[in-house]
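Note sheet for the following structure.
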Amino acid sequence: MSLTRRSALGLMAGAVFAPSIVRAQAFPSKPITLVVPYPAGGPTDAIARFVAQDLSTSIGQNVLVDNRAGASGAVGTRAVAHGAADGYTIIFGNNQTHGNNMFLLKDPGYDAVKDFEPLAGVGAFEHAFVVRNDLPAKNIKELIALAKADPGKLNYGSTGVGSGSHLAMELFMQRTGIKMTHVPFRGAAPLVQEIIGGRIDIANSTLPSVLEQINAGTLRALGLASPERNPRAKDIPTLREQGVSNADADSWAAFFAPAATPAPVLDTLSRAIIASIAKPAITEAILKLGFTLKVRDPAAFRPYHLQEIATWKQIIADAGVKPE
């Protein structure tokens, strides 16, 4: 039986395109690397590992966490941005890697918006205002009054120039019209010890970094820079409850893939990640860290991402923090 020219061409076309269709349908067909652009052991790393472990079962391929720290998270983020856009290397980023670095680093080596596609927004680490136990202020209003009585006398600590704890306090000072003296530290641990020791007056730290000390009574929490109270710290009132609006400073986190990743692959990854986070065991493990879950699919995350970038760009400019 003979074939017509049209039939023959159709078979040839099918032979050419069939492998690519099979490859798309088979994703994932090998292990996936999930880059965490920070050292192992922190809360960001912990969340990534919770999700990676569950994904390894749900998608039928191992998801391996790769900690690539350095340059405020830019080292690992840059590697993913310029890596293969096939879905086999993704990243768990945050407001620093996919926002503030664009304005705090002279050459981050990537564009946080153009070089990435969001897979899922996960939620945020809230910032808690903590003070040394003998500071006279017992709430946010008293803190503001104390700071205004002698501008610059109170000091506040952060985990470094341009860090979330630094910029969150700059935002608070802008909104309330107060002035305090900045003392940067290299990480949360030494900062917390200096507050406990009474040498630092106040800090606006991520809740997981101070929750243990708050519960132990070695320092006091005055407020939470978030729209709602945290279920793991229900006794800490929000800034809004205490009359301070527009000073929320959550450090959000989200999963991303390189921008050129095929749409079907992005959809597969996004659905799998969101399904993983929704499982009770994963949800509980994340919440225990003091993290607030606010899962957003890609369509919901994109406008939120752009709004956050614009907000912090202005804060950075107003604070006079220069790129390094």
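Identifiers in this document derive from the order of the structure tokens: chains are assigned A, B, ..., residues are numbered from 1 separately in each chain, and ligands are numbered from 1 in order of occurrence.
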
Selection near Asp297 in chain A, 7 Å with only C-alpha atoms, sequence-local residues under 4 positions removed, as a short mmCIF file (atom, residue, chain, number, x, y, z; two decimals) with N, CA, C and O atoms, in the first residue's frame:
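Result written to around.cif:
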```cif
data_model
loop_
_atom_site.label_atom_id
_atom_site.label_comp_id
_atom_site.auth_asym_id
_atom_site.auth_seq_id
_atom_site.Cartn_x
_atom_site.Cartn_y
_atom_site.Cartn_z
N LEU A 119 6.99 30.31 40.98
CA LEU A 119 6.29 29.03 41.06
C LEU A 119 5.24 29.04 42.16
O LEU A 119 4.15 28.51 41.99
N ALA A 120 5.60 29.64 43.29
CA ALA A 120 4.66 29.74 44.41
C ALA A 120 5.20 30.68 45.46
O ALA A 120 6.35 30.56 45.87
N GLY A 121 4.38 31.63 45.87
CA GLY A 121 4.71 32.42 47.05
C GLY A 121 4.32 31.60 48.27
O GLY A 121 3.23 31.01 48.30
N PHE A 301 1.04 35.95 42.83
CA PHE A 301 2.32 36.39 43.37
C PHE A 301 2.94 37.52 42.54
O PHE A 301 3.59 38.41 43.10
#
```

Open item on the list: Excluding range 262-268 of chain A and its own-chain neighbours fewer than 5 positions away, which residues fall within 10 Å of it when counting only C-alpha atoms? Please give them as JSON, numbers by chain.
Closed with: {"A": [24, 25, 26, 27, 28, 59, 85, 86, 87, 88, 117, 118, 119, 256, 257, 273, 297, 298]}

Go ahead and save the residues from that selection, with C-alpha atoms, as a compact mmCIF listing (two decimals), in the first residue's frame.
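Writing the result to selection_10.txt gives the following:
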```
# COMPACT_ATOMS: atom_id res chain seq x y z
CA ALA A 24 7.51 17.35 28.10
CA GLN A 25 5.03 14.74 29.25
CA ALA A 26 7.73 12.82 31.12
CA PHE A 27 8.86 15.72 33.30
CA PRO A 28 10.51 15.17 35.66
CA ILE A 59 6.74 13.78 41.81
CA ALA A 85 15.80 26.69 31.97
CA ASP A 86 14.46 23.15 31.95
CA GLY A 87 12.87 22.89 35.39
CA TYR A 88 15.63 20.78 36.86
CA GLU A 117 9.19 32.97 36.80
CA PRO A 118 7.46 32.51 40.17
CA LEU A 119 6.29 29.03 41.06
CA PHE A 256 11.22 30.51 41.38
CA ALA A 257 12.42 28.94 38.14
CA ILE A 273 4.89 22.77 45.41
CA ASP A 297 -0.01 30.88 42.92
CA PRO A 298 2.07 32.54 40.16
```

Tell me, counting only C-alpha atoms, for each residue of range 234-306 of chain A within 6 Å of range 92-110 of chain A, which pair of atoms is nearest and how far apart they are in Å to one decimal, in rows ordered by chain and increasing number, as a Markdown table.
```
| residue | atom | partner | partner_atom | distance |
| --- | --- | --- | --- | --- |
| A:Ser251 | CA | A:Asn95 | CA | 6.0 |
| A:Trp252 | CA | A:Asn94 | CA | 5.5 |
| A:Ala253 | CA | A:Asn94 | CA | 4.1 |
| A:Ala254 | CA | A:Gly93 | CA | 5.5 |
| A:Phe255 | CA | A:Phe92 | CA | 4.5 |
```

Counting only C-alpha atoms, what are the residues of range 209-294 of chain A within 8 Å of range 148-168 of chain A, and for each of them which pair of atoms is the nearest and at what distance in Å, to one decimal? Sort the table by chain and rising number, as a tab-separated table.
```
residue	atom	partner	partner_atom	distance
A:Ala247	CA	A:Ala168	CA	7.9
A:Asp248	CA	A:Ala168	CA	8.0
A:Ala249	CA	A:Ala168	CA	5.5
A:Ser251	CA	A:Gly164	CA	6.9
```

- [ ] Just the helix (DSSP H, G or I) stuff from range 94-181 of chain A, please, per backbone DSSP, written as a PyMOL selection string.
- [x] chain A and resi 96-104+140-149+164-176

Export of prior selection with C-alpha atoms as a compact mmCIF listing (two decimals), in the first residue's frame:
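result-v1.txt was written with the following content:
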```txt
# COMPACT_ATOMS: atom_id res chain seq x y z
CA GLN A 96 16.47 40.00 49.52
CA THR A 97 17.49 37.73 46.65
CA HIS A 98 14.52 38.65 44.45
CA GLY A 99 14.09 42.26 45.45
CA ASN A 100 16.48 44.29 47.58
CA ASN A 101 19.66 42.99 45.94
CA MET A 102 18.67 44.86 42.80
CA PHE A 103 19.26 48.11 44.71
CA LEU A 104 21.82 47.10 47.34
CA ILE A 140 5.13 50.87 70.76
CA LYS A 141 3.55 54.20 71.72
CA GLU A 142 5.89 54.52 74.70
CA LEU A 143 8.85 53.58 72.51
CA ILE A 144 8.00 56.32 70.04
CA ALA A 145 7.66 58.85 72.86
CA LEU A 146 10.98 57.76 74.36
CA ALA A 147 12.74 58.10 71.01
CA LYS A 148 11.24 61.52 70.30
CA ALA A 149 12.29 62.82 73.71
CA GLY A 164 15.75 43.02 56.42
CA SER A 165 16.11 43.98 60.08
CA HIS A 166 17.89 47.20 59.08
CA LEU A 167 15.42 48.21 56.38
CA ALA A 168 12.40 47.23 58.48
CA MET A 169 13.54 49.62 61.21
CA GLU A 170 14.22 52.35 58.66
CA LEU A 171 10.64 51.95 57.46
CA PHE A 172 9.34 52.20 61.03
CA MET A 173 11.36 55.35 61.70
CA GLN A 174 10.10 56.94 58.49
CA ARG A 175 6.48 56.21 59.35
CA THR A 176 6.74 57.45 62.96
```

TODO: May I ask which of the residues A:Val122, A:Val131, A:Ala71, A:Leu207 is the closest one to Thr283 in chain A, counting only C-alpha atoms?
DONE: A:Val122

- [ ] Considering only C-alpha atoms, state which residue in the set A:Ala281, A:Asn62, A:Ser209, A:Ile200 is at the smallest distance from Ala188 in chain A.
- [x]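 Among the listed residues, the smallest separation from Ala188 in chain A belongs to A:Ser209.
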
Open item on the list: What does the structure give for the distance between CA of Ala300 in chain A and CA of Ala52 in chain A, in Å to one decimal?
Closed with: 22.6 Å

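For the set A:Lys294, A:Arg78, A:Lys288, A:Lys313, the residue with the smallest atom-to-atom gap to Arg232 in chain A is A:Lys288, counting only C-alpha atoms.
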
Open item on the list: Report, in Å with one decimal, the straight-line distance from CA of Gly197 in chain A to CA of Asp250 in chain A.
Closed with: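 A separation of 26.6 Å between them.
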
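Across A:Pro190, A:Thr33, A:Phe50, A:Lys234, the tightest approach to Ala285 in chain A is made by A:Phe50 when counting only C-alpha atoms.
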
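Residue nearest Arg68 in chain A within the list A:Val244, A:Ile309, A:Val192, A:Val80: A:Val80 [criterion: smallest interatomic distance, only C-alpha atoms].
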
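Between Ala203 in chain A and the candidates A:Val130, A:Ala317, A:Ala275, A:Leu222, the tightest atom-to-atom separation, counting only C-alpha atoms, involves A:Val130.
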
- [ ] Give me the residues within 10 Å of Asn139 in chain A as number ranges by chain, counting only C-alpha atoms and dropping any in the same chain fewer than 4 places off.
- [x] A: 129, 143-144, 220-223, 236-237, 239, 242

Open item on the list: According to DSSP computed on the backbone, where in range 91-177 of chain A is there strand (DSSP E or B)? Give the residues as a list in words.
Closed with: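 Selecting the strand (DSSP E or B) positions of range 91-177 of chain A gives Ile91, Phe92, Gly93, Asn94, Phe116, Glu117, Pro118, Leu119, Ala120, Gly121, Val122, Gly123, Ala124, Phe125, His127, Ala128, Phe129, Val130, Val131, Asn155, Tyr156, Gly157 and Ser158 of chain A.
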
Could you write out that same residue set with N, CA, C and O atoms as a JSON list (two decimals), in the first residue's frame?
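The resulting file, selection_35.json, is reproduced below:
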```json
[["chain", "number", "residue", "atom", "x", "y", "z"],
["A", 91, "ILE", "N", 14.84, 27.57, 42.61],
["A", 91, "ILE", "CA", 15.42, 28.26, 43.77],
["A", 91, "ILE", "C", 14.34, 28.67, 44.75],
["A", 91, "ILE", "O", 13.21, 28.96, 44.35],
["A", 92, "PHE", "N", 14.71, 28.66, 46.02],
["A", 92, "PHE", "CA", 13.84, 29.18, 47.08],
["A", 92, "PHE", "C", 14.41, 30.53, 47.47],
["A", 92, "PHE", "O", 15.39, 30.63, 48.21],
["A", 93, "GLY", "N", 13.81, 31.60, 46.96],
["A", 93, "GLY", "CA", 14.31, 32.94, 47.18],
["A", 93, "GLY", "C", 13.45, 33.73, 48.15],
["A", 93, "GLY", "O", 12.49, 33.23, 48.73],
["A", 94, "ASN", "N", 13.81, 35.00, 48.31],
["A", 94, "ASN", "CA", 13.07, 35.85, 49.24],
["A", 94, "ASN", "C", 13.17, 37.31, 48.84],
["A", 94, "ASN", "O", 13.65, 37.63, 47.74],
["A", 116, "PHE", "N", 13.36, 35.48, 36.06],
["A", 116, "PHE", "CA", 12.70, 34.41, 36.81],
["A", 116, "PHE", "C", 11.20, 34.37, 36.56],
["A", 116, "PHE", "O", 10.58, 35.38, 36.22],
["A", 117, "GLU", "N", 10.64, 33.17, 36.76],
["A", 117, "GLU", "CA", 9.19, 32.97, 36.80],
["A", 117, "GLU", "C", 8.83, 32.44, 38.19],
["A", 117, "GLU", "O", 9.46, 31.49, 38.66],
["A", 118, "PRO", "N", 7.85, 33.03, 38.85],
["A", 118, "PRO", "CA", 7.46, 32.51, 40.17],
["A", 118, "PRO", "C", 6.73, 31.18, 40.04],
["A", 118, "PRO", "O", 5.96, 30.96, 39.10],
["A", 119, "LEU", "N", 6.99, 30.31, 40.98],
["A", 119, "LEU", "CA", 6.29, 29.03, 41.06],
["A", 119, "LEU", "C", 5.24, 29.04, 42.16],
["A", 119, "LEU", "O", 4.15, 28.51, 41.99],
["A", 120, "ALA", "N", 5.60, 29.64, 43.29],
["A", 120, "ALA", "CA", 4.66, 29.74, 44.41],
["A", 120, "ALA", "C", 5.20, 30.68, 45.46],
["A", 120, "ALA", "O", 6.35, 30.56, 45.87],
["A", 121, "GLY", "N", 4.38, 31.63, 45.87],
["A", 121, "GLY", "CA", 4.71, 32.42, 47.05],
["A", 121, "GLY", "C", 4.32, 31.60, 48.27],
["A", 121, "GLY", "O", 3.23, 31.01, 48.30],
["A", 122, "VAL", "N", 5.18, 31.55, 49.27],
["A", 122, "VAL", "CA", 4.94, 30.68, 50.41],
["A", 122, "VAL", "C", 4.38, 31.45, 51.61],
["A", 122, "VAL", "O", 3.49, 30.98, 52.30],
["A", 123, "GLY", "N", 4.88, 32.63, 51.85],
["A", 123, "GLY", "CA", 4.45, 33.41, 53.01],
["A", 123, "GLY", "C", 5.57, 34.31, 53.47],
["A", 123, "GLY", "O", 6.34, 34.79, 52.64],
["A", 124, "ALA", "N", 5.67, 34.52, 54.78],
["A", 124, "ALA", "CA", 6.64, 35.50, 55.25],
["A", 124, "ALA", "C", 7.08, 35.25, 56.68],
["A", 124, "ALA", "O", 6.36, 34.68, 57.49],
["A", 125, "PHE", "N", 8.31, 35.69, 56.95],
["A", 125, "PHE", "CA", 8.81, 35.81, 58.32],
["A", 125, "PHE", "C", 8.45, 37.21, 58.79],
["A", 125, "PHE", "O", 8.84, 38.20, 58.18],
["A", 127, "HIS", "N", 8.57, 40.49, 61.30],
["A", 127, "HIS", "CA", 9.57, 41.17, 62.12],
["A", 127, "HIS", "C", 8.94, 41.57, 63.44],
["A", 127, "HIS", "O", 7.86, 42.17, 63.48],
["A", 128, "ALA", "N", 9.62, 41.23, 64.52],
["A", 128, "ALA", "CA", 9.14, 41.56, 65.87],
["A", 128, "ALA", "C", 10.04, 42.61, 66.50],
["A", 128, "ALA", "O", 11.27, 42.52, 66.43],
["A", 129, "PHE", "N", 9.42, 43.63, 67.11],
["A", 129, "PHE", "CA", 10.17, 44.64, 67.84],
["A", 129, "PHE", "C", 10.50, 44.08, 69.22],
["A", 129, "PHE", "O", 9.60, 43.82, 70.03],
["A", 130, "VAL", "N", 11.78, 43.87, 69.47],
["A", 130, "VAL", "CA", 12.20, 43.35, 70.76],
["A", 130, "VAL", "C", 13.14, 44.35, 71.42],
["A", 130, "VAL", "O", 13.91, 45.04, 70.75],
["A", 131, "VAL", "N", 13.06, 44.43, 72.76],
["A", 131, "VAL", "CA", 13.86, 45.41, 73.50],
["A", 131, "VAL", "C", 14.51, 44.73, 74.71],
["A", 131, "VAL", "O", 14.09, 43.66, 75.14],
["A", 155, "ASN", "N", 19.61, 53.22, 70.59],
["A", 155, "ASN", "CA", 20.24, 52.53, 69.47],
["A", 155, "ASN", "C", 19.42, 51.30, 69.09],
["A", 155, "ASN", "O", 18.64, 50.79, 69.89],
["A", 156, "TYR", "N", 19.57, 50.88, 67.86],
["A", 156, "TYR", "CA", 18.91, 49.66, 67.42],
["A", 156, "TYR", "C", 19.91, 48.80, 66.65],
["A", 156, "TYR", "O", 20.76, 49.31, 65.93],
["A", 157, "GLY", "N", 19.80, 47.50, 66.83],
["A", 157, "GLY", "CA", 20.69, 46.58, 66.16],
["A", 157, "GLY", "C", 20.04, 45.95, 64.95],
["A", 157, "GLY", "O", 18.81, 45.85, 64.86],
["A", 158, "SER", "N", 20.88, 45.52, 64.02],
["A", 158, "SER", "CA", 20.39, 44.80, 62.85],
["A", 158, "SER", "C", 21.39, 43.71, 62.50],
["A", 158, "SER", "O", 22.48, 43.63, 63.07]]
```

Open item on the list: Need the shell around Ile196 in chain A: protein/DNA/RNA residues with any atom at most 6 Å away, counting only C-alpha atoms. Skip same-chain ones fewer than 3 positions apart. Format as a VMD selection string?
Closed with: chain A and resid 132 193 219
